[in-house]
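Have a look at the structure below, then the notes.
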Amino acid sequence: MTPFLSAETFLLPTETARELYHTIAARLPIADWHCHLPVSEIAEDAPCGNIAQLWLAHDHYKWRAMRCLGVPESHITGVAADWDKFAVWAACIPQLIGSPLYHWTHLELRRFFGINEPLNPDTARNIYARANEQLANMTVRDLLRISNVELLCTTDDPASSLIWHEKLRDEYAAGSFGIRVLPAFRADNLLYGGREYLDEMSAVSGIDAHSEQGLADALSARADAFSALGCRAADFSAPNVNADNMEQIRRLTKICADRNWVLETHLGVMRNVNPRMLAEIGKDAGGDTIKPAHSITQGLFRLFEDFAARGQLPKTILFSLNPADNAVITALCGCFGDKLRQGSAWWFNDSLPGMRAQLSNYAAALPLATFPGFVTDSRSFLSFPRHEYFRRLFCGMLGDWVERGEYPRDWDALERLVRGVCHDGAMEFFGF
């Protein structure tokens with residue numbers, strides 16, 4: 001029987017897979033070009049707190065699982081003590097077989113704390129004490145260094161003052177902090193914000209944003225401020241691209257084209273379908289789901305066709321929450337040469353079967369070497385072993401193709417694929 005989560009063989013069933021991972025992929029630094037980490041905590045080098053806070057304070061993936069297992073909200077987002085929340089999570093863990101949460105939890109225990117025991121009610125007290133003993137002397141920057149992170153892109157509203165990014169830029173330039181932390185222009189409020197948001201944009205830009213031209217000028221000024229801090233991407237999330245939001249997305253696309261930024265699109269999600277949860281807890285609490293019968297082609301094709309005809313199509317990465325869109329996205333990407341990419345399996349698809357299906361579809365429709373790699377899309381400073389998860393699975397797939405005789409053991413070509421997909425390709429595509 002294969003040992004649980006074996007460092008040597010986990011997700012690496014063949015000798016070729018193990019060699020690819022251990023000699024190449026495992027040694028690569030992490031460039032996480034889309035995450036939701038709080039930039040203020042990085043800038044202030046905040047203390048880590050305890051393991052319950054790190055794991056459960058912001059992670060709606062875990063919250064959903066706990067609710068499905070009948071955990072009361074007091075022990076999820078409520079007022080229960082940290083230990084009590086951790087104990088409940090530990091009791092949930094053995095019931096999550098087949099879930100990436102099970103693997104992520106144990107990879108994080110191993111990589112950050114050297115704890116190899118499975119988490120369950122019997123081991124919870126000991127694991128809680130051992131992890132917290134180490135965390136007492138650690139800051140969030142320590143977690144980034146342990147993870148071999150070299151670059152992060154946070155998601156920042158155009159109306160953000162960017163003061164924390166200014167501090168981090170200065171520290172990086174001075175050599176006092178060796179990890180690049182860059183802003184990304186997260187424009188959801190551009191699509192959905194009302195008058196209050198226009199007030200914010202006016203205040204931060206110094207331009208009255210309440211007219212169409214004023215808003216365009218204010219956004220351009222904010223985009224220039226982001227560029228000055230190293231921004232290389234804009235991002236939006238929407239259920240679809242249609243007449244309701246087309247003009248604002250067109251404006252955002254032009255911002256990217258003018259600055260050679262990458263446009264990231266997150267599509268196919270229905271937000272806040274549980275109105276009671278939204279009212280009591282707020283957004284990003286676990287009440288979002290996949291948009292059914294979703295078709296992204298019509299609105300996006302009109303947009304891309306227009307910009308391509310004028311030679312102004314920006315580099316674009318397409319994410320969809322609906323796995324049924326994988327073939328739609330790869331087919332669309334193939335229409336526009338080297339400008340479009342499909343992003344890694346997103347959110348509910350960020351699992352072993354989801355990633356395998358997406359990578360297989362991508363390889364069948366597009367050159368696999370162009371895949372832009374993995375991102376955590378996370379609010380947790382402990383989430384970086386998810387890159388290991390992806391890299392192991394990717395090397396496992398390559399090794400399987402080689403050992404089945406579907407691809408030659410051309411080590412130079414295989415190394416380029418691993419380096420490209422796991423690190424180098426994104427660095428080049430974004431121009432980092």
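The way I read the labels, and the way they are meant: chains A, B, ... in the order of the structure tokens, residue 1 as the first residue of every chain, and ligand 1 as the first ligand shown, with later ones counted on from there.
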
Can I get the residues of segment 103-156 of chain A within 10 Å of segment 48-70 of chain A, each with the closest pair of atoms and their distance in Å to one decimal, using only C-alpha atoms, sorted chain first then ascending number, as JSON lines?
{"residue": "A:Thr105", "atom": "CA", "partner": "A:Trp55", "partner_atom": "CA", "distance": 8.8}
{"residue": "A:Glu108", "atom": "CA", "partner": "A:Trp55", "partner_atom": "CA", "distance": 10.0}
{"residue": "A:Leu109", "atom": "CA", "partner": "A:Ile51", "partner_atom": "CA", "distance": 9.8}
{"residue": "A:Ile127", "atom": "CA", "partner": "A:Ile51", "partner_atom": "CA", "distance": 9.4}
{"residue": "A:Tyr128", "atom": "CA", "partner": "A:Ile51", "partner_atom": "CA", "distance": 6.9}
{"residue": "A:Ala129", "atom": "CA", "partner": "A:Ile51", "partner_atom": "CA", "distance": 9.1}
{"residue": "A:Arg130", "atom": "CA", "partner": "A:Ile51", "partner_atom": "CA", "distance": 9.7}
{"residue": "A:Ala131", "atom": "CA", "partner": "A:Ile51", "partner_atom": "CA", "distance": 6.5}
{"residue": "A:Asn132", "atom": "CA", "partner": "A:Asn50", "partner_atom": "CA", "distance": 5.4}
{"residue": "A:Glu133", "atom": "CA", "partner": "A:Asn50", "partner_atom": "CA", "distance": 8.8}
{"residue": "A:Gln134", "atom": "CA", "partner": "A:Asn50", "partner_atom": "CA", "distance": 9.3}
{"residue": "A:Leu135", "atom": "CA", "partner": "A:Cys48", "partner_atom": "CA", "distance": 6.1}
{"residue": "A:Ala136", "atom": "CA", "partner": "A:Gly49", "partner_atom": "CA", "distance": 7.0}
{"residue": "A:Asn137", "atom": "CA", "partner": "A:Cys48", "partner_atom": "CA", "distance": 8.4}
{"residue": "A:Met138", "atom": "CA", "partner": "A:Cys48", "partner_atom": "CA", "distance": 6.1}
{"residue": "A:Thr139", "atom": "CA", "partner": "A:Cys48", "partner_atom": "CA", "distance": 5.0}
{"residue": "A:Val140", "atom": "CA", "partner": "A:Cys48", "partner_atom": "CA", "distance": 5.6}
{"residue": "A:Arg141", "atom": "CA", "partner": "A:Cys48", "partner_atom": "CA", "distance": 9.1}
{"residue": "A:Asp142", "atom": "CA", "partner": "A:Cys48", "partner_atom": "CA", "distance": 9.0}
{"residue": "A:Leu143", "atom": "CA", "partner": "A:Cys48", "partner_atom": "CA", "distance": 8.6}

Requested in this report: Would you list the contacts of segment 271-278 of chain A as a PyMOL selection string, taking every protein, DNA or RNA residue within 12 Å and counting only C-alpha atoms, but skipping same-chain residues closer than 2 positions in sequence?
Outcome: chain A and resi 63-64+67+73+77+237-240+267-269+280-291+321

Query raised in the report: Where in segment 55-227 of chain A does DSSP assign strand (DSSP E or B), given as a ChimeraX atom specification?
Result: /A:139,149-156,180-186

Would you export the selected residues with N, CA and C atoms as an mmCIF file, in the first residue's frame, please?
data_model
loop_
_atom_site.group_PDB
_atom_site.id
_atom_site.type_symbol
_atom_site.label_atom_id
_atom_site.label_comp_id
_atom_site.auth_asym_id
_atom_site.auth_seq_id
_atom_site.Cartn_x
_atom_site.Cartn_y
_atom_site.Cartn_z
ATOM 1 N N THR A 139 5.589 35.521 11.172
ATOM 2 C CA THR A 139 4.755 36.539 10.543
ATOM 3 C C THR A 139 4.296 36.027 9.182
ATOM 4 N N VAL A 149 7.834 31.807 -2.449
ATOM 5 C CA VAL A 149 7.114 32.750 -3.292
ATOM 6 C C VAL A 149 8.088 33.831 -3.764
ATOM 7 N N GLU A 150 8.083 34.123 -5.047
ATOM 8 C CA GLU A 150 8.905 35.218 -5.561
ATOM 9 C C GLU A 150 8.073 36.399 -6.031
ATOM 10 N N LEU A 151 6.778 36.161 -6.339
ATOM 11 C CA LEU A 151 5.936 37.222 -6.866
ATOM 12 C C LEU A 151 4.478 36.946 -6.540
ATOM 13 N N LEU A 152 3.759 37.999 -6.140
ATOM 14 C CA LEU A 152 2.326 37.932 -5.882
ATOM 15 C C LEU A 152 1.631 39.069 -6.601
ATOM 16 N N CYS A 153 0.446 38.798 -7.130
ATOM 17 C CA CYS A 153 -0.434 39.858 -7.603
ATOM 18 C C CYS A 153 -1.707 39.812 -6.770
ATOM 19 N N THR A 154 -1.950 40.868 -6.011
ATOM 20 C CA THR A 154 -3.182 40.961 -5.244
ATOM 21 C C THR A 154 -4.271 41.581 -6.113
ATOM 22 N N THR A 155 -5.507 41.522 -5.653
ATOM 23 C CA THR A 155 -6.626 42.098 -6.396
ATOM 24 C C THR A 155 -7.048 43.375 -5.682
ATOM 25 N N ASP A 156 -6.937 44.504 -6.389
ATOM 26 C CA ASP A 156 -7.128 45.811 -5.762
ATOM 27 C C ASP A 156 -8.132 46.637 -6.556
ATOM 28 N N ARG A 180 8.272 40.305 -4.749
ATOM 29 C CA ARG A 180 7.540 41.355 -5.455
ATOM 30 C C ARG A 180 6.044 41.173 -5.215
ATOM 31 N N VAL A 181 5.393 42.216 -4.746
ATOM 32 C CA VAL A 181 3.945 42.209 -4.523
ATOM 33 C C VAL A 181 3.357 43.325 -5.378
ATOM 34 N N LEU A 182 2.614 42.937 -6.408
ATOM 35 C CA LEU A 182 2.105 43.888 -7.394
ATOM 36 C C LEU A 182 0.582 43.990 -7.316
ATOM 37 N N PRO A 183 0.038 45.169 -7.612
ATOM 38 C CA PRO A 183 -1.421 45.285 -7.645
ATOM 39 C C PRO A 183 -1.989 44.777 -8.961
ATOM 40 N N ALA A 184 -3.236 44.356 -8.920
ATOM 41 C CA ALA A 184 -4.005 44.062 -10.127
ATOM 42 C C ALA A 184 -5.310 44.848 -10.055
ATOM 43 N N PHE A 185 -5.752 45.332 -11.179
ATOM 44 C CA PHE A 185 -6.852 46.292 -11.315
ATOM 45 C C PHE A 185 -8.167 45.519 -11.316
ATOM 46 N N ARG A 186 -8.728 45.238 -10.118
ATOM 47 C CA ARG A 186 -9.947 44.427 -9.983
ATOM 48 C C ARG A 186 -11.176 45.320 -10.144
#

Requested in this report: Please indicate the distance in Å from atom CA of Tyr21 of chain A to atom CA of Cys395 of chain A, rounded to one decimal place.
Outcome: 5.8 Å

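Minimum atom-to-atom distances from A:Pro72, A:Gly425, A:Gly175, A:Pro408 to Thr370 of chain A were compared using only C-alpha atoms, and the lowest value belongs to A:Gly425.
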
Query - Pick from A:Leu119, A:Leu20, A:Met355, A:Ala225 nearest to Asp412 of chain A, counting only C-alpha atoms - result: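 Residue with the minimum atom-to-atom distance to Asp412 of chain A: A:Leu20.
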
Query - Shell around Asp400 of chain A at 8 Å using only C-alpha atoms, local window under 2 positions removed, as a list in words - result: Pro13, Thr14, Thr16, Ala17, Gly396, Met397, Leu398, Val402, Glu403 and Arg404 of chain A

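Here the question is which of A:Pro94, A:His22, A:Asn361, A:Glu117 gets nearest to Pro3 of chain A using only C-alpha atoms, and that residue is A:Glu117.
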
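Across the model, the gap from atom CA of Asp157 of chain A to atom CA of Ser378 of chain A is 16.5 Å.
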
Query - Atom-to-atom span, atom CA of Phe112 of chain A and atom CA of Leu382 of chain A, Å - result: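 The value is 7.9 Å.
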
Report summary line: Between A:Ala26, A:Gly373, A:Ala363, A:His387, smallest distance to Glu8 of chain A by only C-alpha atoms belongs to A:Ala26

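Restricting the calculation to only C-alpha atoms, the smallest distance between Trp261 of chain A and any of A:Phe430, A:Tyr172, A:Ala364, A:Ile163 is found for A:Phe430.
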
Report task. Determine, counting only C-alpha atoms, which protein, DNA and RNA residues have an atom within 9 Å of an atom of segment 297-308 of chain A; residues of the same chain fewer than 3 positions away are not included. Present the result as an NGL selection string. Result -> :A and (240-243 or 246 or 249-250 or 253-254 or 257 or 311-314 or 328-329 or 332 or 336)

Please produce a file of those selected residues containing N, CA and C atoms, as a PDB file, in the first residue's frame.
ATOM      1  N   ASN A 240     -21.851  36.799 -17.038  1.00  0.00           N
ATOM      2  CA  ASN A 240     -21.831  36.715 -18.490  1.00  0.00           C
ATOM      3  C   ASN A 240     -21.362  38.055 -19.044  1.00  0.00           C
ATOM      4  N   VAL A 241     -21.139  38.106 -20.334  1.00  0.00           N
ATOM      5  CA  VAL A 241     -20.805  39.343 -21.026  1.00  0.00           C
ATOM      6  C   VAL A 241     -21.958  39.641 -21.971  1.00  0.00           C
ATOM      7  N   ASN A 242     -22.691  40.718 -21.690  1.00  0.00           N
ATOM      8  CA  ASN A 242     -23.886  41.017 -22.477  1.00  0.00           C
ATOM      9  C   ASN A 242     -24.092  42.522 -22.539  1.00  0.00           C
ATOM     10  N   ALA A 243     -25.262  42.935 -23.021  1.00  0.00           N
ATOM     11  CA  ALA A 243     -25.518  44.359 -23.223  1.00  0.00           C
ATOM     12  C   ALA A 243     -25.464  45.146 -21.927  1.00  0.00           C
ATOM     13  N   MET A 246     -21.481  45.342 -21.290  1.00  0.00           N
ATOM     14  CA  MET A 246     -20.540  45.331 -22.402  1.00  0.00           C
ATOM     15  C   MET A 246     -19.715  46.624 -22.476  1.00  0.00           C
ATOM     16  N   ILE A 249     -16.996  46.659 -19.810  1.00  0.00           N
ATOM     17  CA  ILE A 249     -15.955  45.680 -20.119  1.00  0.00           C
ATOM     18  C   ILE A 249     -15.122  46.152 -21.305  1.00  0.00           C
ATOM     19  N   ARG A 250     -15.783  46.797 -22.269  1.00  0.00           N
ATOM     20  CA  ARG A 250     -15.052  47.358 -23.411  1.00  0.00           C
ATOM     21  C   ARG A 250     -14.052  48.424 -22.922  1.00  0.00           C
ATOM     22  N   THR A 253     -11.190  46.659 -21.302  1.00  0.00           N
ATOM     23  CA  THR A 253     -10.352  46.032 -22.319  1.00  0.00           C
ATOM     24  C   THR A 253      -9.421  47.051 -22.960  1.00  0.00           C
ATOM     25  N   LYS A 254      -9.937  48.242 -23.203  1.00  0.00           N
ATOM     26  CA  LYS A 254      -9.094  49.295 -23.783  1.00  0.00           C
ATOM     27  C   LYS A 254      -7.989  49.714 -22.823  1.00  0.00           C
ATOM     28  N   ALA A 257      -5.372  47.104 -23.267  1.00  0.00           N
ATOM     29  CA  ALA A 257      -4.699  47.196 -24.567  1.00  0.00           C
ATOM     30  C   ALA A 257      -3.731  48.371 -24.596  1.00  0.00           C
ATOM     31  N   GLY A 311      -6.543  45.882 -34.171  1.00  0.00           N
ATOM     32  CA  GLY A 311      -5.184  45.603 -33.716  1.00  0.00           C
ATOM     33  C   GLY A 311      -4.955  45.977 -32.271  1.00  0.00           C
ATOM     34  N   GLN A 312      -6.009  45.966 -31.444  1.00  0.00           N
ATOM     35  CA  GLN A 312      -5.908  46.402 -30.057  1.00  0.00           C
ATOM     36  C   GLN A 312      -6.345  45.330 -29.064  1.00  0.00           C
ATOM     37  N   LEU A 313      -6.388  44.079 -29.475  1.00  0.00           N
ATOM     38  CA  LEU A 313      -6.811  43.016 -28.567  1.00  0.00           C
ATOM     39  C   LEU A 313      -5.726  42.769 -27.526  1.00  0.00           C
ATOM     40  N   PRO A 314      -6.029  42.936 -26.228  1.00  0.00           N
ATOM     41  CA  PRO A 314      -5.015  42.678 -25.211  1.00  0.00           C
ATOM     42  C   PRO A 314      -4.852  41.176 -24.968  1.00  0.00           C
ATOM     43  N   VAL A 328     -15.560  25.264 -25.064  1.00  0.00           N
ATOM     44  CA  VAL A 328     -15.929  26.552 -25.644  1.00  0.00           C
ATOM     45  C   VAL A 328     -14.764  27.532 -25.549  1.00  0.00           C
ATOM     46  N   ILE A 329     -14.127  27.571 -24.379  1.00  0.00           N
ATOM     47  CA  ILE A 329     -13.040  28.528 -24.154  1.00  0.00           C
ATOM     48  C   ILE A 329     -11.826  28.186 -25.006  1.00  0.00           C
ATOM     49  N   LEU A 332     -12.425  29.097 -28.567  1.00  0.00           N
ATOM     50  CA  LEU A 332     -12.373  30.542 -28.749  1.00  0.00           C
ATOM     51  C   LEU A 332     -10.934  31.041 -28.729  1.00  0.00           C
ATOM     52  N   PHE A 336      -7.716  33.348 -31.909  1.00  0.00           N
ATOM     53  CA  PHE A 336      -7.020  34.626 -31.772  1.00  0.00           C
ATOM     54  C   PHE A 336      -5.527  34.450 -31.507  1.00  0.00           C
TER      55      PHE A 336
END

Query raised in the report: In terms of the shortest atom-to-atom distance over only C-alpha atoms, which of A:Gly178, A:Gly78, A:Pro353, A:Gly431 is closest to Pro323 of chain A?
Result: A:Pro353
